[in-house]
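**Student:** Have a peek at input-v2.tsv (TSV, C-alpha atoms).
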```
chain	number	residue	atom	x	y	z
P	1	MET	CA	0.00	0.00	0.00
P	2	GLN	CA	1.27	3.44	-0.93
P	3	ARG	CA	0.30	6.50	1.07
P	4	TYR	CA	1.14	10.11	0.30
P	5	GLN	CA	-0.10	13.55	1.30
P	6	THR	CA	-1.93	15.57	-1.34
P	7	GLY	CA	-2.76	18.70	0.67
P	8	PRO	CA	-2.62	20.30	4.13
P	9	HIS	CA	-5.31	17.94	5.44
P	10	SER	CA	-5.72	15.39	2.67
P	11	PHE	CA	-4.11	12.04	1.92
P	12	THR	CA	-4.33	9.34	-0.73
P	13	GLU	CA	-3.86	5.59	-0.23
P	14	VAL	CA	-3.23	3.32	-3.22
P	15	THR	CA	-3.51	-0.47	-2.94
P	16	HIS	CA	-3.23	-3.07	-5.68
P	17	GLU	CA	-5.39	-6.20	-5.82
P	18	GLY	CA	-4.05	-8.96	-8.05
P	19	ALA	CA	-6.17	-11.28	-10.19
P	20	LEU	CA	-5.84	-14.23	-7.78
P	21	GLN	CA	-6.67	-12.10	-4.76
P	22	GLY	CA	-9.67	-10.66	-6.58
P	23	ALA	CA	-10.88	-14.15	-7.50
P	24	GLY	CA	-10.57	-15.26	-3.88
P	25	ASN	CA	-12.53	-12.26	-2.67
P	26	SER	CA	-15.21	-12.96	-5.29
P	27	MET	CA	-15.57	-16.57	-4.12
P	28	CYS	CA	-15.94	-15.45	-0.51
P	29	GLY	CA	-18.50	-12.90	-1.63
P	30	MET	CA	-20.39	-15.61	-3.50
P	31	VAL	CA	-20.70	-17.69	-0.31
P	32	VAL	CA	-21.99	-14.68	1.61
P	33	GLY	CA	-24.38	-13.89	-1.22
P	34	LEU	CA	-25.84	-17.41	-1.21
P	35	VAL	CA	-26.46	-17.13	2.53
P	36	LEU	CA	-28.25	-13.81	2.02
P	37	MET	CA	-30.27	-15.18	-0.92
P	38	PHE	CA	-31.43	-18.46	0.57
P	39	ALA	CA	-31.45	-17.73	4.31
P	40	ALA	CA	-31.33	-14.13	5.54
P	41	SER	CA	-33.63	-12.40	3.06
P	42	PRO	CA	-36.35	-15.11	2.88
P	43	ALA	CA	-36.31	-15.48	6.68
P	44	LEU	CA	-36.75	-11.74	7.20
P	45	LEU	CA	-39.54	-11.45	4.61
P	46	TRP	CA	-41.41	-14.49	5.96
P	47	TRP	CA	-41.06	-13.42	9.59
P	48	ASN	CA	-42.19	-9.91	8.73
P	49	GLU	CA	-45.51	-11.04	7.23
P	50	GLY	CA	-46.34	-13.21	10.23
P	51	SER	CA	-45.26	-10.46	12.59
P	52	ALA	CA	-47.49	-7.88	10.89
P	53	VAL	CA	-50.54	-10.13	11.27
P	54	ARG	CA	-49.83	-10.92	14.93
P	55	VAL	CA	-49.38	-7.26	15.79
P	56	ALA	CA	-52.64	-6.31	14.05
P	57	GLU	CA	-54.46	-9.11	15.87
P	58	GLU	CA	-53.10	-7.97	19.24
P	59	LEU	CA	-54.15	-4.40	18.57
P	60	ASP	CA	-57.63	-5.60	17.62
P	61	HIS	CA	-57.71	-7.63	20.84
P	62	LEU	CA	-56.71	-4.54	22.81
P	63	LYS	CA	-59.40	-2.47	21.08
P	64	THR	CA	-62.19	-4.86	22.00
P	65	ASN	CA	-61.03	-5.39	25.59
P	66	ILE	CA	-60.15	-1.87	26.70
P	67	GLN	CA	-61.76	-0.63	29.91
P	68	TYR	CA	-62.01	3.07	30.63
P	69	LEU	CA	-60.21	4.11	33.82
P	70	ASP	CA	-61.07	7.26	35.77
P	71	PRO	CA	-57.68	8.91	36.43
P	72	ASN	CA	-58.77	10.21	39.82
P	73	ASN	CA	-60.57	7.12	41.13
P	74	MET	CA	-58.47	4.48	42.84
P	75	ASN	CA	-61.64	2.63	43.91
P	76	HIS	CA	-62.41	0.85	40.67
P	77	ASN	CA	-63.54	-2.67	39.79
P	78	ILE	CA	-60.99	-3.29	37.03
P	79	ALA	CA	-58.97	-6.45	37.51
P	80	PRO	CA	-55.15	-6.20	37.54
P	81	GLY	CA	-53.63	-7.11	34.19
P	82	SER	CA	-56.47	-5.51	32.23
P	83	ALA	CA	-55.95	-3.14	29.33
P	84	VAL	CA	-57.19	0.32	30.27
P	85	TYR	CA	-57.58	3.67	28.58
P	86	ILE	CA	-56.75	6.66	30.76
P	87	GLN	CA	-56.71	10.37	30.10
P	88	GLY	CA	-55.34	12.72	32.70
P	89	HIS	CA	-52.69	15.22	33.69
P	90	ILE	CA	-49.19	13.92	34.20
P	91	GLU	CA	-47.15	15.74	36.82
P	92	PRO	CA	-43.54	16.77	36.16
P	93	THR	CA	-40.72	16.04	38.56
P	94	THR	CA	-37.16	17.35	38.84
P	95	CYS	CA	-34.90	16.13	36.04
P	96	THR	CA	-31.22	16.21	37.03
P	97	ASP	CA	-28.06	15.74	35.01
P	98	THR	CA	-24.35	16.44	35.39
P	99	VAL	CA	-22.15	17.42	32.45
P	100	ASP	CA	-18.46	17.80	33.21
P	101	ASN	CA	-18.61	19.97	36.36
P	102	VAL	CA	-21.97	21.55	35.58
P	103	ALA	CA	-25.09	20.36	37.41
P	104	VAL	CA	-28.37	20.72	35.51
P	105	SER	CA	-31.83	20.64	37.08
P	106	PHE	CA	-35.26	21.52	35.67
P	107	GLN	CA	-38.88	20.38	35.86
P	108	CYS	CA	-39.98	17.75	33.33
P	109	VAL	CA	-41.56	14.32	32.92
P	110	THR	CA	-38.81	12.91	30.73
P	111	ALA	CA	-35.83	14.48	29.01
P	112	LYS	CA	-32.92	13.76	26.71
P	113	ARG	CA	-29.45	15.26	26.59
P	114	ASN	CA	-28.10	16.00	23.10
P	115	THR	CA	-24.41	16.68	22.58
P	116	GLU	CA	-22.31	18.02	19.74
P	117	MET	CA	-18.51	18.03	19.66
P	118	PHE	CA	-16.15	20.16	17.60
P	119	GLN	CA	-13.95	17.56	15.98
P	120	TRP	CA	-11.99	16.32	13.00
P	121	ILE	CA	-14.44	14.93	10.45
P	122	GLU	CA	-13.12	12.41	7.95
P	123	HIS	CA	-14.29	12.35	4.32
P	124	VAL	CA	-13.44	9.33	2.17
P	125	HIS	CA	-13.79	8.97	-1.60
P	126	THR	CA	-13.01	5.55	-3.09
P	127	ARG	CA	-12.49	4.69	-6.73
P	128	GLU	CA	-11.12	1.69	-8.63
P	129	GLN	CA	-9.12	1.37	-11.82
P	130	PRO	CA	-8.45	-1.88	-13.74
P	131	ASP	CA	-4.77	-2.59	-14.32
P	132	GLY	CA	-5.29	-4.50	-17.59
P	133	ARG	CA	-4.01	-7.78	-16.13
P	134	GLY	CA	-7.14	-8.92	-14.33
P	135	GLY	CA	-6.37	-6.97	-11.20
P	136	LYS	CA	-7.37	-3.51	-10.06
P	137	THR	CA	-5.98	-0.54	-8.24
P	138	LYS	CA	-7.99	0.88	-5.34
P	139	ILE	CA	-7.53	4.57	-4.63
P	140	LYS	CA	-8.86	6.12	-1.43
P	141	ASP	CA	-8.81	9.86	-1.00
P	142	TYR	CA	-9.01	11.08	2.59
P	143	SER	CA	-9.66	14.66	3.64
P	144	TYR	CA	-10.19	16.12	7.11
P	145	THR	CA	-12.20	19.16	8.13
P	146	GLN	CA	-13.11	20.64	11.50
P	147	GLY	CA	-16.74	21.02	12.44
P	148	TRP	CA	-19.56	20.32	14.88
P	149	SER	CA	-21.11	16.86	14.81
P	150	PRO	CA	-23.44	14.90	17.13
P	151	PHE	CA	-21.58	11.71	16.18
P	152	GLN	CA	-17.97	11.00	17.00
P	153	SER	CA	-15.85	10.28	13.94
P	154	ALA	CA	-14.33	6.81	14.24
P	155	HIS	CA	-11.14	7.38	12.22
P	156	GLN	CA	-7.76	6.68	13.84
P	157	ARG	CA	-5.32	8.59	11.60
P	158	SER	CA	-2.39	9.99	13.56
P	159	GLY	CA	-2.59	13.72	13.96
P	160	TYR	CA	-6.36	13.83	13.58
P	161	GLU	CA	-7.47	12.00	16.71
P	162	ASN	CA	-10.61	13.16	18.51
P	163	PRO	CA	-11.14	13.09	22.27
P	164	THR	CA	-13.96	11.02	23.70
P	165	GLN	CA	-17.32	12.70	23.14
P	166	ILE	CA	-19.76	13.23	25.99
P	167	PRO	CA	-22.62	10.88	25.08
P	168	SER	CA	-26.21	11.83	24.41
P	169	THR	CA	-28.53	10.07	26.82
P	170	THR	CA	-32.12	9.83	28.02
P	171	ILE	CA	-32.81	11.14	31.51
P	172	SER	CA	-35.38	8.76	32.96
P	173	GLN	CA	-37.33	9.78	36.02
P	174	GLY	CA	-38.88	6.40	36.70
P	175	ASP	CA	-42.57	6.33	37.61
P	176	VAL	CA	-44.47	9.64	37.52
P	177	LYS	CA	-48.00	10.55	38.61
P	178	LEU	CA	-50.79	10.31	36.05
P	179	GLY	CA	-53.88	11.41	37.94
P	180	ALA	CA	-54.06	9.17	40.99
P	181	PHE	CA	-51.95	6.46	39.36
P	182	MET	CA	-48.26	6.00	38.60
P	183	ALA	CA	-47.16	5.74	34.97
P	184	SER	CA	-43.99	3.76	34.30
P	185	SER	CA	-41.06	5.13	32.31
P	186	ASP	CA	-41.79	2.84	29.35
P	187	ILE	CA	-44.97	4.90	28.82
P	188	THR	CA	-43.51	8.36	29.42
P	189	SER	CA	-40.52	7.65	27.16
P	190	GLU	CA	-42.89	7.68	24.16
P	191	LEU	CA	-44.23	11.17	24.87
P	192	PRO	CA	-43.26	13.85	22.32
P	193	MET	CA	-40.36	16.02	23.45
P	194	ARG	CA	-39.65	19.64	22.59
P	195	THR	CA	-36.63	21.87	23.01
P	196	HIS	CA	-35.96	22.91	26.60
P	197	ARG	CA	-34.31	26.32	26.69
P	198	LEU	CA	-31.87	26.35	29.60
P	199	GLN	CA	-31.89	29.36	31.90
P	200	ALA	CA	-29.47	30.53	34.54
P	201	LYS	CA	-31.60	28.96	37.30
P	202	ASP	CA	-31.32	25.55	35.62
P	203	VAL	CA	-27.51	25.24	35.93
P	204	SER	CA	-25.11	25.36	38.82
P	205	ASP	CA	-22.74	27.74	36.99
P	206	SER	CA	-24.36	30.14	34.52
P	207	SER	CA	-20.97	31.09	33.07
P	208	TYR	CA	-21.16	27.90	31.01
P	209	LEU	CA	-24.40	29.04	29.34
P	210	LEU	CA	-24.22	30.23	25.76
P	211	GLY	CA	-27.73	31.20	24.74
P	212	ASP	CA	-29.92	28.29	25.84
P	213	GLN	CA	-27.10	25.72	25.63
P	214	ILE	CA	-24.19	24.66	27.79
P	215	TYR	CA	-20.87	25.39	26.09
P	216	LEU	CA	-17.74	23.58	27.27
P	217	GLY	CA	-14.64	25.05	25.66
P	218	ASN	CA	-13.34	28.18	23.95
P	219	ARG	CA	-16.24	30.48	23.08
P	220	ARG	CA	-14.23	32.80	20.85
P	221	GLN	CA	-12.62	30.15	18.67
P	222	PRO	CA	-13.89	26.53	18.89
P	223	GLN	CA	-11.17	23.98	19.54
P	224	ILE	CA	-11.12	20.21	18.97
P	225	GLY	CA	-12.96	18.63	21.89
P	226	ASP	CA	-15.29	21.55	22.67
P	227	HIS	CA	-18.90	20.53	23.42
P	228	LYS	CA	-22.36	22.05	23.03
P	229	ILE	CA	-25.03	20.52	25.28
P	230	SER	CA	-28.77	20.97	24.78
P	231	TYR	CA	-31.90	19.30	26.10
P	232	VAL	CA	-35.32	18.25	24.89
P	233	SER	CA	-38.09	17.35	27.30
P	234	PHE	CA	-41.77	16.73	27.88
P	235	PRO	CA	-42.82	19.27	30.50
P	236	GLY	CA	-46.06	17.59	31.59
P	237	GLY	CA	-49.72	18.19	30.96
P	238	LEU	CA	-52.71	16.29	29.60
P	239	VAL	CA	-51.91	12.89	28.11
P	240	SER	CA	-53.92	9.91	26.87
P	241	SER	CA	-52.69	6.34	27.02
P	242	ILE	CA	-53.61	2.71	26.63
P	243	ALA	CA	-51.81	0.75	29.32
P	244	ILE	CA	-51.90	-2.34	31.49
P	245	LEU	CA	-53.14	-1.81	35.05
P	246	GLN	CA	-50.91	-3.62	37.54
P	247	HIS	CA	-51.99	-4.89	40.95
P	248	ASP	CA	-50.14	-2.04	42.72
P	249	GLY	CA	-51.88	0.63	40.64
P	250	ARG	CA	-48.98	1.19	38.26
P	251	LEU	CA	-49.62	1.68	34.56
P	252	THR	CA	-47.24	-0.09	32.19
P	253	ARG	CA	-46.96	-0.45	28.42
P	254	PRO	CA	-48.98	-3.35	26.95
P	255	THR	CA	-46.68	-6.35	26.70
P	256	LYS	CA	-46.58	-8.70	23.76
P	257	GLN	CA	-48.57	-11.90	23.79
P	258	SER	CA	-47.00	-15.31	23.35
P	259	GLY	CA	-45.40	-15.67	19.93
P	260	SER	CA	-46.00	-12.07	18.93
P	261	SER	CA	-43.55	-9.58	17.58
P	262	PHE	CA	-43.03	-5.95	18.47
P	263	THR	CA	-46.46	-4.85	19.69
P	264	SER	CA	-44.84	-3.72	22.94
P	265	GLN	CA	-42.62	-1.39	20.90
P	266	LEU	CA	-45.55	0.48	19.34
P	267	PRO	CA	-46.45	3.77	21.04
P	268	LEU	CA	-49.88	3.79	22.66
P	269	VAL	CA	-49.63	7.18	24.32
P	270	GLY	CA	-50.27	10.67	23.03
P	271	GLU	CA	-50.20	14.27	24.22
P	272	GLY	CA	-53.54	15.93	24.83
P	273	ALA	CA	-57.01	14.48	24.42
P	274	VAL	CA	-56.57	11.49	22.11
P	275	THR	CA	-59.26	8.81	21.98
P	276	ALA	CA	-58.52	5.11	22.37
P	277	ASP	CA	-59.54	4.47	18.76
P	278	GLU	CA	-57.10	7.14	17.57
P	279	LEU	CA	-54.26	5.59	19.57
P	280	ILE	CA	-55.01	2.16	18.11
P	281	GLU	CA	-55.26	3.61	14.60
P	282	TYR	CA	-51.89	5.33	15.00
P	283	ALA	CA	-50.31	2.08	16.20
P	284	LEU	CA	-51.80	0.21	13.22
P	285	ASN	CA	-50.37	2.81	10.85
P	286	LYS	CA	-46.98	2.50	12.54
P	287	ASN	CA	-47.19	-1.28	12.19
P	288	THR	CA	-47.94	-0.90	8.47
P	289	MET	CA	-44.96	1.43	8.05
P	290	LEU	CA	-42.64	-1.01	9.85
P	291	THR	CA	-43.98	-3.87	7.71
P	292	TRP	CA	-43.14	-2.04	4.48
P	293	LEU	CA	-39.75	-1.02	5.85
P	294	CYS	CA	-38.92	-4.67	6.59
P	295	ARG	CA	-40.12	-5.66	3.12
P	296	PHE	CA	-37.78	-3.10	1.58
P	297	CYS	CA	-34.88	-4.32	3.75
P	298	GLY	CA	-35.60	-7.90	2.67
P	299	MET	CA	-35.51	-6.85	-0.99
P	300	VAL	CA	-32.21	-5.03	-0.44
P	301	LEU	CA	-30.72	-8.13	1.18
P	302	MET	CA	-31.92	-10.22	-1.76
P	303	TYR	CA	-30.34	-7.79	-4.23
P	304	ILE	CA	-27.03	-7.73	-2.34
P	305	GLY	CA	-27.07	-11.53	-2.10
P	306	MET	CA	-27.70	-12.00	-5.82
P	307	SER	CA	-25.04	-9.44	-6.71
P	308	LEU	CA	-22.46	-11.18	-4.54
P	309	ALA	CA	-23.52	-14.62	-5.82
P	310	ILE	CA	-22.66	-13.70	-9.42
P	311	SER	CA	-19.54	-11.70	-8.50
P	312	PRO	CA	-17.17	-14.43	-9.83
P	313	LEU	CA	-18.88	-14.16	-13.22
P	314	THR	CA	-18.75	-10.38	-13.27
P	315	LYS	CA	-15.08	-10.67	-12.34
P	316	LEU	CA	-14.46	-12.79	-15.44
P	317	VAL	CA	-16.38	-10.34	-17.61
P	318	ASP	CA	-13.99	-7.61	-16.55
P	319	TYR	CA	-11.36	-9.30	-18.72
P	320	ILE	CA	-13.42	-8.63	-21.87
P	321	PRO	CA	-12.28	-5.32	-23.33
P	322	LEU	CA	-14.73	-2.61	-24.35
P	323	VAL	CA	-17.95	-4.57	-23.65
P	324	GLY	CA	-17.14	-5.74	-20.12
P	325	GLY	CA	-18.72	-2.68	-18.49
P	326	LEU	CA	-21.83	-2.94	-20.65
P	327	ILE	CA	-22.30	-6.61	-19.80
P	328	ASN	CA	-21.94	-5.88	-16.09
P	329	PHE	CA	-24.52	-3.08	-16.36
P	330	VAL	CA	-27.01	-5.42	-18.04
P	331	ALA	CA	-26.28	-8.12	-15.45
P	332	GLY	CA	-26.84	-5.62	-12.63
P	333	THR	CA	-30.20	-4.61	-14.10
P	334	ILE	CA	-31.26	-8.25	-14.41
P	335	VAL	CA	-30.18	-8.89	-10.81
P	336	LEU	CA	-32.21	-5.89	-9.60
P	337	LEU	CA	-35.37	-7.02	-11.40
P	338	SER	CA	-34.85	-10.63	-10.27
P	339	ALA	CA	-34.41	-9.55	-6.65
P	340	ILE	CA	-37.67	-7.58	-6.75
P	341	LEU	CA	-39.53	-10.45	-8.41
P	342	VAL	CA	-38.25	-13.17	-6.06
P	343	SER	CA	-38.90	-11.00	-3.00
P	344	CYS	CA	-42.45	-10.30	-4.17
P	345	VAL	CA	-43.05	-14.04	-4.64
P	346	ILE	CA	-41.78	-14.77	-1.11
P	347	ILE	CA	-43.93	-11.97	0.31
P	348	ALA	CA	-46.99	-13.25	-1.58
P	349	VAL	CA	-46.52	-16.85	-0.40
P	350	ALA	CA	-45.92	-15.71	3.19
P	351	TRP	CA	-48.95	-13.40	2.99
P	352	ILE	CA	-51.14	-16.34	1.93
P	353	ALA	CA	-49.64	-18.64	4.57
P	354	VAL	CA	-50.36	-16.28	7.47
P	355	ARG	CA	-53.75	-15.14	6.13
P	356	PRO	CA	-55.45	-18.39	5.02
P	357	LEU	CA	-58.99	-17.00	5.35
P	358	HIS	CA	-58.18	-13.92	3.28
P	359	ALA	CA	-56.43	-16.11	0.70
P	360	THR	CA	-59.40	-18.50	0.49
P	361	ALA	CA	-61.84	-15.60	0.05
P	362	ALA	CA	-59.64	-14.03	-2.64
P	363	LEU	CA	-59.33	-17.36	-4.46
P	364	ALA	CA	-63.10	-17.86	-4.34
P	365	CYS	CA	-63.65	-14.38	-5.79
P	366	ILE	CA	-61.19	-15.08	-8.60
P	367	ILE	CA	-62.85	-18.40	-9.46
P	368	GLY	CA	-66.30	-16.77	-9.35
P	369	LEU	CA	-65.15	-13.95	-11.58
P	370	MET	CA	-63.69	-16.39	-14.09
P	371	PHE	CA	-66.95	-18.37	-14.12
P	372	VAL	CA	-69.07	-15.26	-14.63
P	373	THR	CA	-66.89	-13.89	-17.44
P	374	ARG	CA	-66.81	-17.19	-19.31
P	375	ARG	CA	-70.53	-17.95	-19.01
P	376	PRO	CA	-71.85	-15.51	-21.68
P	377	SER	CA	-69.49	-16.80	-24.34
P	378	GLY	CA	-70.68	-20.34	-23.69
P	379	SER	CA	-74.37	-19.40	-24.01
P	380	SER	CA	-73.77	-17.53	-27.28
P	381	LYS	CA	-72.15	-20.62	-28.75
P	382	ARG	CA	-75.16	-22.69	-27.84
P	383	ARG	CA	-77.46	-20.19	-29.62
P	384	GLU	CA	-75.36	-20.51	-32.77
```
Write the structure described by the file as structure tokens, please.

**Tutor:**
Amino acid sequence: MQRYQTGPHSFTEVTHEGALQGAGNSMCGMVVGLVLMFAASPALLWWNEGSAVRVAEELDHLKTNIQYLDPNNMNHNIAPGSAVYIQGHIEPTTCTDTVDNVAVSFQCVTAKRNTEMFQWIEHVHTREQPDGRGGKTKIKDYSYTQGWSPFQSAHQRSGYENPTQIPSTTISQGDVKLGAFMASSDITSELPMRTHRLQAKDVSDSSYLLGDQIYLGNRRQPQIGDHKISYVSFPGGLVSSIAILQHDGRLTRPTKQSGSSFTSQLPLVGEGAVTADELIEYALNKNTMLTWLCRFCGMVLMYIGMSLAISPLTKLVDYIPLVGGLINFVAGTIVLLSAILVSCVIIAVAWIAVRPLHATAALACIIGLMFVTRRPSGSSKRRE
């Protein structure tokens, strides 16, 4: 590998991959591709269809079994473990945090600390050039700039190291009062947060405040390692939620039933006056969105798998002058269309397998439609 500097903060690395090394990498890629094609992608697509149905069924079960709970009445006849709908005011408590030597304290229900660090940010541009002997030359161009980022750059180049960034984190307050009951943190964590503008009374040393943020470092000229700290929070107020009533009066997020998927990860809480039907409808929409996202991920895995599976062939095509690139483009297009088609077939089969009643009804409609459309032609022939 050759490495040389091309500018004040830019470098280029050049590595050569021989024909045999490239062939070996292609064979390894083919094995990985076959695993993605025949295991990972089909498993994800099949699981996703079953998961979507189970989540919808659980939400329907919740909808038909919800009991309405008076937020101010502890003397109720609702059995522990029941699904309840409650609407009431949630009371804030004191959220506390410590950043470096600065103590932070303000009233909220739940909050999150967001951090940005002034750091070296790495930019990488990679390109490849065939060497005419079956191998290729890989060229990586690296450049480094200074800037603010919420994510710590992971590069390790000497001279451009970054200090450890103060992490962003959620400030959980545990159980908080919702009317006469206690709502657990797994409910309050789903409440919408908004920017909390820090004031002098919220911090132990107001000299660290810059506007409504905490600034750790050189205010005049940012230096590598300087931090900006801000907060978002839910301050309290009227909320609506579907929850499970525990024997001690606590309200917790509905847990998933046996063999279900991620129902317990769907939000069933909203700010303000939101009806139970609206909460269920929102969760169903979120479930639909997650289902389509998983379908897309499954298709991407199928495409990557197919591309890797034929990589030895595309490697051989590279030896053909002039038309090698065109053949690879056509092959890539065929792989893309094949991945979409195969994924759609898997999704269709899984859809039928997990929805047998829907599939039977659809099949009956198709057969009936075919019978109705063919019947007039048969009667006209008999009249002739």

**Student:** What gap, in Å, lies between atom CA of Ile366 of chain P and atom CA of Ile346 of chain P?

**Tutor:**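 We find that atom CA of Ile366 of chain P and atom CA of Ile346 of chain P lie 20.8 Å from each other.
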
**Student:** Quick one, how far is atom CA of Pro167 of chain P from atom CA of Met117 of chain P?

**Tutor:**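 Distance between the two atoms: 9.9 Å.
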
**Student:** Got a sec: who's within 6 Å of segment 232-241 of chain P, counting all atoms listed in the file, leaving out chain neighbours fewer than 6 positions off, as a ChimeraX atom specification?

**Tutor:** /P:85-92,108-112,193-196,268-272,274

**Student:** Between atom CA of Arg3 of chain P and atom CA of Tyr142 of chain P, measure the distance and give it in Å to one decimal.

**Tutor:** 10.5 Å

**Student:** Name the residues in contact with Ser153 of chain P at a cut-off of 8 Å, using all atoms listed in the file, excluding same-chain residues fewer than 2 positions from it; report them as number ranges by chain.

**Tutor:** P: 119-122, 151, 155, 162

**Student:** List as a ChimeraX atom specification: which residues have an atom within 9 Å of (-10.8, 19.4, 3.9), counting only C-alpha atoms?

**Tutor:** /P:7-10,121-123,142-146

**Student:** Name all residues at most 12 Å from Ser41 of chain P (count only C-alpha atoms; drop same-chain ones fewer than 2 positions away) and give them as a PyMOL selection string.

**Tutor:** chain P and resi 32-39+43-48+294-306+339-340+342-344+346-347

**Student:** Write the residues of the preceding selection, restricted to C-alpha atoms, as a PDB file, in the coordinates of the input.

**Tutor:**
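Done, and the output landed in again03.pdb:
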```pdb
ATOM      1  CA  VAL P  32     -21.990 -14.680   1.610  1.00  0.00           C
ATOM      2  CA  GLY P  33     -24.380 -13.890  -1.220  1.00  0.00           C
ATOM      3  CA  LEU P  34     -25.840 -17.410  -1.210  1.00  0.00           C
ATOM      4  CA  VAL P  35     -26.460 -17.130   2.530  1.00  0.00           C
ATOM      5  CA  LEU P  36     -28.250 -13.810   2.020  1.00  0.00           C
ATOM      6  CA  MET P  37     -30.270 -15.180  -0.920  1.00  0.00           C
ATOM      7  CA  PHE P  38     -31.430 -18.460   0.570  1.00  0.00           C
ATOM      8  CA  ALA P  39     -31.450 -17.730   4.310  1.00  0.00           C
ATOM      9  CA  ALA P  43     -36.310 -15.480   6.680  1.00  0.00           C
ATOM     10  CA  LEU P  44     -36.750 -11.740   7.200  1.00  0.00           C
ATOM     11  CA  LEU P  45     -39.540 -11.450   4.610  1.00  0.00           C
ATOM     12  CA  TRP P  46     -41.410 -14.490   5.960  1.00  0.00           C
ATOM     13  CA  TRP P  47     -41.060 -13.420   9.590  1.00  0.00           C
ATOM     14  CA  ASN P  48     -42.190  -9.910   8.730  1.00  0.00           C
ATOM     15  CA  CYS P 294     -38.920  -4.670   6.590  1.00  0.00           C
ATOM     16  CA  ARG P 295     -40.120  -5.660   3.120  1.00  0.00           C
ATOM     17  CA  PHE P 296     -37.780  -3.100   1.580  1.00  0.00           C
ATOM     18  CA  CYS P 297     -34.880  -4.320   3.750  1.00  0.00           C
ATOM     19  CA  GLY P 298     -35.600  -7.900   2.670  1.00  0.00           C
ATOM     20  CA  MET P 299     -35.510  -6.850  -0.990  1.00  0.00           C
ATOM     21  CA  VAL P 300     -32.210  -5.030  -0.440  1.00  0.00           C
ATOM     22  CA  LEU P 301     -30.720  -8.130   1.180  1.00  0.00           C
ATOM     23  CA  MET P 302     -31.920 -10.220  -1.760  1.00  0.00           C
ATOM     24  CA  TYR P 303     -30.340  -7.790  -4.230  1.00  0.00           C
ATOM     25  CA  ILE P 304     -27.030  -7.730  -2.340  1.00  0.00           C
ATOM     26  CA  GLY P 305     -27.070 -11.530  -2.100  1.00  0.00           C
ATOM     27  CA  MET P 306     -27.700 -12.000  -5.820  1.00  0.00           C
ATOM     28  CA  ALA P 339     -34.410  -9.550  -6.650  1.00  0.00           C
ATOM     29  CA  ILE P 340     -37.670  -7.580  -6.750  1.00  0.00           C
ATOM     30  CA  VAL P 342     -38.250 -13.170  -6.060  1.00  0.00           C
ATOM     31  CA  SER P 343     -38.900 -11.000  -3.000  1.00  0.00           C
ATOM     32  CA  CYS P 344     -42.450 -10.300  -4.170  1.00  0.00           C
ATOM     33  CA  ILE P 346     -41.780 -14.770  -1.110  1.00  0.00           C
ATOM     34  CA  ILE P 347     -43.930 -11.970   0.310  1.00  0.00           C
TER      35      ILE P 347
END
```

**Student:** Got a sec to check which residues sit within 12 Å of (-56.5, 5.1, 15.6), counting all atoms listed in the file, and write them as a short mmCIF file (atom, residue, chain, number, x, y, z; two decimals) with C-alpha atoms, in the coordinates of the input?

**Tutor:**
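And here's part24.cif as it stands now:
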```
data_model
loop_
_atom_site.label_atom_id
_atom_site.label_comp_id
_atom_site.auth_asym_id
_atom_site.auth_seq_id
_atom_site.Cartn_x
_atom_site.Cartn_y
_atom_site.Cartn_z
CA LEU P 59 -54.15 -4.40 18.57
CA ASP P 60 -57.63 -5.60 17.62
CA LYS P 63 -59.40 -2.47 21.08
CA ILE P 242 -53.61 2.71 26.63
CA PRO P 267 -46.45 3.77 21.04
CA LEU P 268 -49.88 3.79 22.66
CA VAL P 269 -49.63 7.18 24.32
CA GLY P 270 -50.27 10.67 23.03
CA VAL P 274 -56.57 11.49 22.11
CA THR P 275 -59.26 8.81 21.98
CA ALA P 276 -58.52 5.11 22.37
CA ASP P 277 -59.54 4.47 18.76
CA GLU P 278 -57.10 7.14 17.57
CA LEU P 279 -54.26 5.59 19.57
CA ILE P 280 -55.01 2.16 18.11
CA GLU P 281 -55.26 3.61 14.60
CA TYR P 282 -51.89 5.33 15.00
CA ALA P 283 -50.31 2.08 16.20
CA LEU P 284 -51.80 0.21 13.22
CA ASN P 285 -50.37 2.81 10.85
CA LYS P 286 -46.98 2.50 12.54
CA ASN P 287 -47.19 -1.28 12.19
#
```

**Student:** Write out as a ChimeraX atom specification each polymer residue whose atoms come within 10 Å of Pro222 of chain P, counting all atoms listed in the file; drop sequence neighbours fewer than 2 positions from it.

**Tutor:** /P:117-119,146-148,216-220,224-227

**Student:** Env of Gly332 of chain P: 10 Å cut, atoms = all atoms listed in the file, seq-sep filter 2 positions within chain, self excluded. Answer as an MDAnalysis selection string.

**Tutor:** chainID P and resid 303 306:307 310 314 326:330 334:338

**Student:** Which of these, P:Val14, P:Ser26, P:Val53, P:His247, has the shortest distance to Val354 of chain P once you count all atoms listed in the file?

**Tutor:**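 Checking each of P:Val14, P:Ser26, P:Val53, P:His247 against Val354 of chain P, counting all atoms listed in the file, the winner is P:Val53.
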
**Student:** Which is closer to Gln129 of chain P than all the others in P:Phe181, P:Ala348, P:Ser204, P:Glu17, using all atoms listed in the file?

**Tutor:**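 Answer, going by the shortest atom-to-atom distance: P:Glu17.
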
**Student:** Using all atoms listed in the file, which of the listed residues (P:Trp351, P:Ser207, P:Thr252, P:Gln246) sits closest to Glu190 of chain P?

**Tutor:**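 Closest to Glu190 of chain P of all the choices is P:Thr252.
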
**Student:** Given the choices P:Thr169, P:Thr333, P:Gln221, P:Thr15, which gets closest to Glu128 of chain P if the distance is worked out from all atoms listed in the file?

**Tutor:**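 Ranking P:Thr169, P:Thr333, P:Gln221, P:Thr15 by distance to Glu128 of chain P, first place goes to P:Thr15.
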